[in-house]
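S.K.: Data: target.cif, mmCIF, C-alpha atoms.
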data_query
loop_
_atom_site.label_atom_id
_atom_site.label_comp_id
_atom_site.auth_asym_id
_atom_site.auth_seq_id
_atom_site.Cartn_x
_atom_site.Cartn_y
_atom_site.Cartn_z
CA MET A 1 114.60 199.15 42.71
CA THR A 2 117.35 200.99 40.81
CA VAL A 3 120.75 199.30 40.87
CA PRO A 4 123.53 201.92 40.51
CA GLU A 5 126.15 201.12 37.92
CA ILE A 6 129.69 202.44 37.84
CA LEU A 7 131.68 202.46 34.61
CA PHE A 8 135.26 201.37 35.23
CA LEU A 9 137.75 202.69 32.68
CA SER A 10 141.28 201.33 32.54
CA GLN A 11 144.10 203.44 31.16
CA GLU A 12 143.65 201.69 27.84
CA ASP A 13 139.96 202.67 27.88
CA VAL A 14 140.87 206.26 28.71
CA ILE A 15 143.21 206.34 25.72
CA ALA A 16 140.57 204.83 23.44
CA ALA A 17 138.12 207.52 24.60
CA GLY A 18 140.44 210.36 23.58
CA GLY A 19 142.71 210.65 26.58
CA LEU A 20 145.75 211.46 24.43
CA ASP A 21 143.99 214.18 22.41
CA MET A 22 145.94 217.28 23.44
CA ALA A 23 143.82 219.66 21.36
CA LYS A 24 140.72 218.59 23.27
CA THR A 25 142.57 218.65 26.58
CA LEU A 26 143.56 222.25 25.91
CA GLU A 27 139.89 223.04 25.29
CA ASP A 28 139.02 221.28 28.55
CA MET A 29 141.52 223.42 30.44
CA GLU A 30 140.22 226.64 28.91
CA LEU A 31 136.75 225.61 30.11
CA ALA A 32 137.91 224.58 33.60
CA LEU A 33 139.87 227.79 34.08
CA ARG A 34 137.04 229.97 32.78
CA LEU A 35 134.56 228.32 35.14
CA HIS A 36 137.04 228.76 37.98
CA GLY A 37 137.42 232.44 37.13
CA GLU A 38 133.65 232.88 36.97
CA GLY A 39 133.10 231.30 40.39
CA GLU A 40 131.32 228.21 39.04
CA ILE A 41 133.51 225.78 40.95
CA ASN A 42 133.35 224.63 44.57
CA MET A 43 136.79 223.22 45.36
CA PRO A 44 138.01 222.63 48.92
CA PRO A 45 141.77 222.59 49.51
CA LYS A 46 143.67 219.42 48.74
CA ILE A 47 144.31 217.07 51.63
CA PHE A 48 147.98 216.11 51.57
CA LEU A 49 148.88 212.95 53.50
CA PRO A 50 152.65 212.33 53.52
CA PHE A 51 154.29 209.10 54.59
CA THR A 52 157.65 210.30 55.87
CA GLU A 53 160.97 208.56 56.03
CA PRO A 54 161.23 206.54 59.28
CA ASP A 55 164.06 208.69 60.65
CA ARG A 56 162.60 212.08 59.66
CA PRO A 57 160.02 214.20 61.53
CA ARG A 58 156.46 213.97 60.22
CA SER A 59 156.35 217.75 59.83
CA ALA A 60 159.14 217.76 57.25
CA ALA A 61 157.16 218.07 54.03
CA ALA A 62 160.20 217.50 51.86
CA SER A 63 161.06 214.21 53.55
CA PHE A 64 158.11 212.11 52.45
CA ARG A 65 158.90 208.81 50.76
CA ALA A 66 155.31 208.53 49.52
CA ALA A 67 152.13 210.56 49.74
CA ALA A 68 148.44 210.50 48.99
CA ILE A 69 146.51 213.59 47.95
CA THR A 70 142.72 213.86 48.00
CA MET A 71 141.22 216.43 45.62
CA PRO A 72 137.42 216.88 45.79
CA VAL A 73 135.47 219.34 43.62
CA TYR A 74 132.08 220.30 42.21
CA VAL A 75 132.15 221.78 38.70
CA GLY A 76 129.11 223.79 37.70
CA GLY A 77 128.36 225.58 34.44
CA PRO A 78 127.80 223.20 31.53
CA VAL A 79 129.62 220.33 33.31
CA GLN A 80 127.48 219.83 36.44
CA ARG A 81 129.61 217.09 37.93
CA ALA A 82 131.12 216.33 41.31
CA GLY A 83 134.20 214.21 41.61
CA VAL A 84 137.43 213.47 43.39
CA LYS A 85 140.94 212.58 42.36
CA TRP A 86 142.99 210.32 44.60
CA ALA A 87 146.59 211.03 43.67
CA ALA A 88 149.39 208.89 45.04
CA GLU A 89 153.13 209.44 44.71
CA SER A 90 156.07 207.24 45.67
CA MET A 91 159.77 207.93 45.58
CA GLU A 92 160.23 204.17 46.06
CA ASN A 93 158.68 203.69 42.61
CA VAL A 94 161.30 206.06 41.20
CA ARG A 95 164.12 204.20 42.94
CA ARG A 96 162.90 200.78 41.80
CA GLY A 97 161.84 201.92 38.33
CA ASP A 98 159.02 199.37 38.13
CA LEU A 99 156.01 201.71 38.50
CA PRO A 100 155.23 205.37 37.70
CA TYR A 101 156.11 208.00 40.31
CA GLY A 102 152.43 209.00 40.47
CA ILE A 103 149.41 206.70 40.17
CA ASP A 104 146.02 208.42 40.19
CA ILE A 105 142.34 207.48 40.20
CA VAL A 106 139.42 209.75 39.27
CA VAL A 107 135.87 209.17 40.52
CA LEU A 108 132.89 210.95 38.92
CA HIS A 109 129.75 211.35 41.03
CA ASP A 110 126.08 211.88 40.18
CA VAL A 111 125.05 214.73 42.46
CA ASP A 112 121.28 214.15 42.32
CA ARG A 113 121.38 210.34 42.65
CA ALA A 114 124.17 210.22 45.24
CA HIS A 115 126.27 207.52 43.64
CA PRO A 116 129.47 207.37 41.60
CA VAL A 117 129.03 206.87 37.87
CA ALA A 118 132.64 206.27 36.85
CA ILE A 119 135.99 205.20 38.22
CA MET A 120 138.91 205.63 35.87
CA ASP A 121 142.65 205.73 35.61
CA GLY A 122 143.73 209.28 36.37
CA THR A 123 147.46 208.93 35.76
CA LEU A 124 147.16 209.73 32.07
CA ILE A 125 144.61 212.49 32.74
CA THR A 126 147.01 214.10 35.21
CA ALA A 127 149.87 214.08 32.73
CA MET A 128 147.76 215.56 29.94
CA ARG A 129 145.99 218.26 31.93
CA THR A 130 149.18 219.33 33.74
CA SER A 131 150.87 220.17 30.46
CA ALA A 132 147.71 221.60 28.93
CA ILE A 133 147.49 224.11 31.80
CA THR A 134 151.01 225.22 30.90
CA GLY A 135 149.81 225.49 27.30
CA VAL A 136 146.95 227.78 28.30
CA ALA A 137 149.39 229.91 30.32
CA ILE A 138 151.60 230.18 27.23
CA ARG A 139 148.64 231.32 25.12
CA TYR A 140 147.84 234.18 27.50
CA LEU A 141 151.20 235.04 29.05
CA ALA A 142 154.09 234.16 26.71
CA PRO A 143 155.91 236.96 24.90
CA PRO A 144 154.65 237.59 21.38
CA GLU A 145 156.44 235.57 18.71
CA SER A 146 158.26 233.38 21.22
CA ARG A 147 161.06 231.57 19.45
CA VAL A 148 163.15 229.80 22.11
CA VAL A 149 161.80 227.47 24.79
CA GLY A 150 163.87 226.05 27.64
CA LEU A 151 162.68 222.80 29.22
CA VAL A 152 164.07 221.01 32.28
CA GLY A 153 162.73 217.49 32.71
CA ALA A 154 162.25 214.70 30.17
CA GLY A 155 159.90 212.49 32.14
CA VAL A 156 156.18 211.92 31.59
CA ILE A 157 155.30 215.61 32.01
CA GLY A 158 158.19 216.56 29.75
CA ARG A 159 156.72 214.37 27.06
CA THR A 160 153.21 215.81 27.32
CA THR A 161 154.66 219.33 27.51
CA LEU A 162 156.37 218.80 24.16
CA GLU A 163 153.03 217.64 22.77
CA THR A 164 151.46 220.83 24.11
CA LEU A 165 154.12 222.97 22.47
CA CYS A 166 153.21 221.46 19.11
CA HIS A 167 149.77 223.05 19.54
CA VAL A 168 150.49 226.38 21.24
CA LEU A 169 153.91 227.31 19.78
CA PRO A 170 153.98 225.65 16.35
CA ASP A 171 156.54 228.17 15.01
CA VAL A 172 159.10 227.77 17.80
CA GLU A 173 162.66 227.81 16.45
CA GLU A 174 164.49 226.02 19.25
CA VAL A 175 163.53 223.84 22.20
CA ARG A 176 166.44 223.33 24.60
CA LEU A 177 165.83 220.17 26.61
CA CYS A 178 167.86 218.85 29.52
CA ASP A 179 167.47 216.03 32.00
CA LEU A 180 169.77 214.34 34.47
CA ASP A 181 169.16 211.21 32.39
CA ARG A 182 170.58 212.38 29.07
CA PRO A 183 169.63 209.21 27.13
CA ARG A 184 166.02 209.73 28.20
CA ALA A 185 166.13 213.29 26.88
CA GLN A 186 167.66 212.07 23.61
CA ALA A 187 164.95 209.45 23.22
CA LEU A 188 162.29 212.12 23.71
CA ALA A 189 163.94 214.36 21.13
CA GLU A 190 163.91 211.49 18.65
CA GLU A 191 160.23 210.87 19.35
CA PHE A 192 159.40 214.47 18.40
CA ALA A 193 161.81 214.72 15.48
CA GLY A 194 160.14 216.53 12.60
CA ARG A 195 157.57 218.14 14.91
CA LEU A 196 159.77 220.28 17.17
CA PRO A 197 163.37 221.55 16.77
CA ILE A 198 164.77 220.03 19.97
CA ARG A 199 168.38 220.49 21.06
CA ILE A 200 169.68 218.45 23.99
CA VAL A 201 171.75 220.53 26.42
CA ASP A 202 173.83 219.55 29.42
CA ASP A 203 172.34 221.56 32.27
CA ALA A 204 169.40 223.66 33.43
CA GLU A 205 171.23 226.96 33.03
CA THR A 206 172.00 226.30 29.37
CA SER A 207 168.40 225.32 28.80
CA LEU A 208 166.78 228.30 30.50
CA ARG A 209 169.14 231.24 30.19
CA GLY A 210 167.71 233.82 27.78
CA ALA A 211 164.77 231.66 26.65
CA ASP A 212 161.43 233.30 25.79
CA VAL A 213 159.53 230.55 27.62
CA CYS A 214 161.05 228.52 30.47
CA ILE A 215 159.35 225.40 31.85
CA THR A 216 160.62 223.25 34.72
CA MET A 217 158.99 219.90 35.56
CA THR A 218 161.22 217.78 37.75
CA THR A 219 160.89 215.92 41.05
CA SER A 220 163.65 218.02 42.63
CA ARG A 221 163.01 219.05 46.23
CA THR A 222 165.81 221.62 46.22
CA PRO A 223 165.46 224.92 44.30
CA TYR A 224 167.99 225.05 41.49
CA VAL A 225 166.87 227.82 39.09
CA GLN A 226 168.73 231.11 39.59
CA ALA A 227 167.26 234.53 38.89
CA GLU A 228 169.97 235.62 36.44
CA TRP A 229 168.99 232.79 34.09
CA VAL A 230 165.50 234.26 33.54
CA ALA A 231 165.38 236.95 30.86
CA PRO A 232 163.28 240.13 30.96
CA GLY A 233 160.14 239.73 28.85
CA SER A 234 160.02 235.97 29.38
CA LEU A 235 157.42 233.58 30.78
CA PHE A 236 158.64 231.16 33.43
CA ALA A 237 156.29 228.23 34.16
CA GLN A 238 157.09 226.18 37.26
CA VAL A 239 155.19 222.91 37.08
CA ALA A 240 156.55 221.35 40.27
CA ALA A 241 156.24 223.04 43.66
CA ASN A 242 159.70 224.29 44.50
CA GLU A 243 162.19 224.47 41.63
CA VAL A 244 163.15 228.15 41.71
CA GLU A 245 165.11 230.27 44.14
CA GLY A 246 163.04 233.00 45.77
CA GLU A 247 164.64 235.78 43.76
CA VAL A 248 163.15 234.32 40.55
CA ILE A 249 159.72 235.10 41.98
CA LEU A 250 160.70 238.44 43.51
CA GLN A 251 162.16 239.81 40.27
CA ALA A 252 159.04 238.98 38.23
CA ASP A 253 156.83 241.85 37.08
CA ARG A 254 153.76 239.65 37.29
CA LEU A 255 152.85 236.59 39.38
CA VAL A 256 150.16 234.28 37.99
CA VAL A 257 149.03 230.94 39.42
CA ASP A 258 146.29 228.43 38.77
CA GLU A 259 144.85 228.66 42.31
CA TRP A 260 146.40 231.00 44.86
CA GLU A 261 144.37 229.93 47.91
CA GLN A 262 145.74 226.40 47.72
CA ILE A 263 149.30 227.37 46.79
CA SER A 264 149.59 229.97 49.54
CA HIS A 265 148.74 227.41 52.23
CA TYR A 266 151.05 224.67 50.96
CA SER A 267 154.15 224.45 53.15
CA GLY A 268 156.28 223.11 50.30
CA SER A 269 155.51 225.97 47.92
CA ALA A 270 158.28 228.26 46.72
CA PHE A 271 155.96 231.16 47.61
CA ARG A 272 155.54 230.18 51.28
CA PRO A 273 158.80 231.57 52.73
CA LEU A 274 158.34 234.79 50.75
CA LEU A 275 154.84 235.20 52.17
CA GLU A 276 156.02 234.56 55.71
CA LYS A 277 158.73 237.21 55.34
CA GLY A 278 156.26 239.72 53.90
CA GLN A 279 158.15 239.89 50.59
CA ILE A 280 155.03 239.13 48.52
CA HIS A 281 151.35 239.76 49.24
CA ASP A 282 148.05 238.20 48.22
CA GLU A 283 147.00 241.18 46.10
CA GLU A 284 150.06 240.74 43.86
CA ILE A 285 148.86 237.32 42.64
CA THR A 286 146.47 236.69 39.73
CA ASN A 287 144.64 233.42 39.19
CA LEU A 288 144.91 232.28 35.57
CA GLY A 289 141.16 231.60 35.55
CA LYS A 290 140.49 235.32 35.97
CA ILE A 291 142.55 235.98 32.86
CA VAL A 292 140.82 233.26 30.82
CA ALA A 293 137.42 234.56 31.98
CA GLY A 294 138.34 238.06 30.78
CA GLU A 295 138.29 239.54 34.28
CA ALA A 296 142.04 240.27 34.37
CA PRO A 297 144.52 241.09 31.59
CA GLY A 298 146.97 238.61 30.17
CA ARG A 299 150.43 239.75 29.13
CA ARG A 300 150.44 243.55 29.21
CA THR A 301 153.75 244.43 27.55
CA PRO A 302 156.45 242.57 25.59
CA GLU A 303 158.98 243.48 28.32
CA GLU A 304 156.94 242.05 31.19
CA ARG A 305 158.68 239.21 33.04
CA ILE A 306 155.95 236.78 34.17
CA PHE A 307 156.24 233.91 36.63
CA PHE A 308 153.52 231.24 36.46
CA ASP A 309 153.09 228.49 39.03
CA SER A 310 150.83 225.49 38.45
CA PHE A 311 149.78 223.57 41.56
CA GLY A 312 147.09 221.46 39.88
CA MET A 313 143.36 221.72 40.51
CA ALA A 314 140.75 219.00 40.86
CA CYS A 315 138.41 220.84 38.48
CA GLU A 316 140.94 220.27 35.70
CA ASP A 317 140.87 216.51 36.23
CA ILE A 318 137.08 216.32 36.48
CA VAL A 319 136.47 218.33 33.28
CA VAL A 320 138.78 215.99 31.34
CA ALA A 321 137.32 212.90 33.03
CA GLU A 322 133.78 213.97 32.18
CA ARG A 323 134.68 214.22 28.49
CA ILE A 324 136.34 210.80 28.66
CA TYR A 325 133.33 209.29 30.45
CA GLN A 326 130.81 210.58 27.91
CA GLU A 327 132.98 209.42 25.01
CA ALA A 328 133.41 205.99 26.59
CA ARG A 329 129.65 205.62 26.97
CA ARG A 330 129.10 206.56 23.31
CA HIS A 331 131.56 203.91 22.14
CA GLY A 332 130.74 201.16 24.63
CA LEU A 333 134.11 201.26 26.36
CA GLY A 334 134.88 200.12 29.89
CA HIS A 335 133.40 197.60 32.29
CA PRO A 336 130.19 198.23 34.28
CA LEU A 337 130.32 197.51 38.00
CA ARG A 338 127.45 197.30 40.48
CA LEU A 339 127.48 198.65 44.00
CA TRP A 340 124.85 196.07 45.01
CA GLU A 341 122.16 193.78 43.67
CA SER A 342 119.77 194.57 46.52
CA ALA A 343 120.46 197.55 48.74
CA TRP A 344 120.79 196.66 52.42
CA ALA A 345 120.46 200.23 53.79
CA MET A 346 117.06 201.29 52.44
#
Turn the structure described in the file into structure tokens.
M.R.:
Amino acid sequence: MTVPEILFLSQEDVIAAGGLDMAKTLEDMELALRLHGEGEINMPPKIFLPFTEPDRPRSAAASFRAAAITMPVYVGGPVQRAGVKWAAESMENVRRGDLPYGIDIVVLHDVDRAHPVAIMDGTLITAMRTSAITGVAIRYLAPPESRVVGLVGAGVIGRTTLETLCHVLPDVEEVRLCDLDRPRAQALAEEFAGRLPIRIVDDAETSLRGADVCITMTTSRTPYVQAEWVAPGSLFAQVAANEVEGEVILQADRLVVDEWEQISHYSGSAFRPLLEKGQIHDEEITNLGKIVAGEAPGRRTPEERIFFDSFGMACEDIVVAERIYQEARRHGLGHPLRLWESAWAM
């Protein structure tokens, strides 16, 4: 009788298998988005399970102190893999400072044999693919010869976003970085000294106003970006769910997202109130996968003001995880686990 084995990969194993290779992660995201645009992916909506503050109503999405998100998917094309990411977030971790805000696990599943083949740390994968998606958006949607980038947020995603910029905007002349924790921003600037021309600024407006590419990646639950900060002809990439005032979206000439079906149904999305008021409509939105697959145009004119929103898709995680899994097998990384020695339910 066959005994199914599962390869367990710690974060250290994921790193050893190429988890910090941003060039390859960008390739993974191009593949995931293309397959999504070509209809090769079966991806149900995320299941969002918030754990609210004791004195707040359960329906208040912005009040959760912690949450778990289940993200199942089947990726076809050359990948042929099912999987799920279990993503957990905790504001208590942020307050205590002893654990990351998000801690994720990715499970890869053998479709034909009906058993998981790998369980791995997904926290690093999430950080890398989140910024790589922004990188792909920059490749297709940023103004030509972008010279100034404004960044708000110097946390984990801020760090991987800077790594992405090294690959997709190598000739950038200025990166304005701000964070509520200025020493953290300064430490990040020092880490990338010699690779990117980073200038630490005091506030989000100074960072974003007039920039060619604007990227926000904070844990803020209150919109803080104002429309007048966003220049004509720019690309604005919102990495979190709700960082911009509605007018930022309404003034854009083009609205692009990673996956509109999921974003449009998420109560915490910056798009949701605009949809409910009839100020934007489904047909105005373009999935980035359609652009990568060549079924929709990228940037059309230098003057076009584009707003891009990244909600995060399970197919992104599974494409990266599959590469990591195959590399780990080639190099003998990880620890094999067995579901049983003798199956009881046969």
S.K.: Could you pull the residues within 10 Å of Glu12 in chain A, counting only C-alpha atoms, minus those fewer than 6 positions along the same chain, as a list in words?
M.R.: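 What passes the distance filter is Gly19, Asp121, Leu124, Leu333 and Gly334 of chain A.
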S.K.: For this structure, which residues satisfy the selection - the PyMOL selection byres ((chain A and resi 130-146) around 6) - when it is evaluated on the file as given? I want them as a ChimeraX atom specification.
M.R.: /A:26,126-129,147,160-161,164,212,235,298-299,302
S.K.: For a quick check of understanding, using all atoms listed in the file, which of A:Gly97, A:Gly194, A:Gly289, A:Gly122 has the smallest distance to Met71 in chain A?
M.R.: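 Checking each of A:Gly97, A:Gly194, A:Gly289, A:Gly122 against Met71 in chain A, counting all atoms listed in the file, the winner is A:Gly122.
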S.K.: Using only C-alpha atoms, can you tell me which of A:Asn93, A:Thr52, A:Gln80, A:Ser10 comes closest to His109 in chain A?
M.R.: A:Gln80
S.K.: Considering all atoms listed in the file, tabulate each residue of range 267-328 of chain A that lies at most 12 Å from range 220-231 of chain A along with its nearest interatomic pair and the corresponding distance in Å to one decimal; arrange the rows by chain and ascending residue number and present them as JSON lines.
M.R.:
{"residue": "A:Gly268", "atom": "CA", "partner": "A:Arg221", "partner_atom": "CA", "distance": 8.9}
{"residue": "A:Ser269", "atom": "CA", "partner": "A:Arg221", "partner_atom": "CA", "distance": 10.3}
{"residue": "A:Ala270", "atom": "CA", "partner": "A:Pro223", "partner_atom": "CA", "distance": 8.3}
{"residue": "A:Phe271", "atom": "CA", "partner": "A:Pro223", "partner_atom": "CA", "distance": 11.8}
{"residue": "A:Pro302", "atom": "CA", "partner": "A:Ala231", "partner_atom": "CA", "distance": 11.8}
{"residue": "A:Glu303", "atom": "CA", "partner": "A:Ala231", "partner_atom": "CA", "distance": 9.5}
{"residue": "A:Glu304", "atom": "CA", "partner": "A:Ala231", "partner_atom": "CA", "distance": 9.9}
{"residue": "A:Arg305", "atom": "CA", "partner": "A:Ala231", "partner_atom": "CA", "distance": 7.4}
{"residue": "A:Ile306", "atom": "CA", "partner": "A:Val230", "partner_atom": "CA", "distance": 9.9}
{"residue": "A:Phe307", "atom": "CA", "partner": "A:Val230", "partner_atom": "CA", "distance": 9.8}
S.K.: Which distance in Å separates CA of Arg338 in chain A and CA of Glu5 in chain A, to one decimal?
M.R.: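 Distance between the two atoms: 4.8 Å.
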S.K.: Could you please determine the separation between CA of Ala154 in chain A and CA of Glu243 in chain A in Å, to one decimal place?
M.R.: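 These two atoms are separated by 15.1 Å.
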S.K.: Quick one: of A:Ile200, A:Ala240, A:Leu274, A:Leu49, who's nearest to Thr216 in chain A, counting all atoms listed in the file?
M.R.: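 Among A:Ile200, A:Ala240, A:Leu274, A:Leu49, it is A:Ala240 that comes nearest to Thr216 in chain A.
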S.K.: One number please: CA of Lys46 in chain A to CA of Tyr266 in chain A, in Å, one decimal.
M.R.: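 CA of Tyr266 in chain A lies at a distance of 9.3 Å from CA of Lys46 in chain A.
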S.K.: Would you list the contacts of Met217 in chain A as an mmCIF file with C-alpha atoms, keeping the file's coordinate frame, taking every protein, DNA or RNA residue within 7 Å and counting all atoms listed in the file, but skipping same-chain residues closer than 2 positions in sequence?
M.R.:
data_model
loop_
_atom_site.group_PDB
_atom_site.id
_atom_site.type_symbol
_atom_site.label_atom_id
_atom_site.label_comp_id
_atom_site.auth_asym_id
_atom_site.auth_seq_id
_atom_site.Cartn_x
_atom_site.Cartn_y
_atom_site.Cartn_z
ATOM 1 C CA VAL A 152 164.070 221.010 32.280
ATOM 2 C CA GLY A 153 162.730 217.490 32.710
ATOM 3 C CA ILE A 157 155.300 215.610 32.010
ATOM 4 C CA GLY A 158 158.190 216.560 29.750
ATOM 5 C CA ILE A 215 159.350 225.400 31.850
ATOM 6 C CA GLN A 238 157.090 226.180 37.260
ATOM 7 C CA VAL A 239 155.190 222.910 37.080
ATOM 8 C CA ALA A 240 156.550 221.350 40.270
#
S.K.: Just checking: using all atoms listed in the file, which residue out of A:Thr2, A:Leu177, A:Pro232, A:Val156 ends up closest to His115 in chain A?
M.R.: A:Thr2
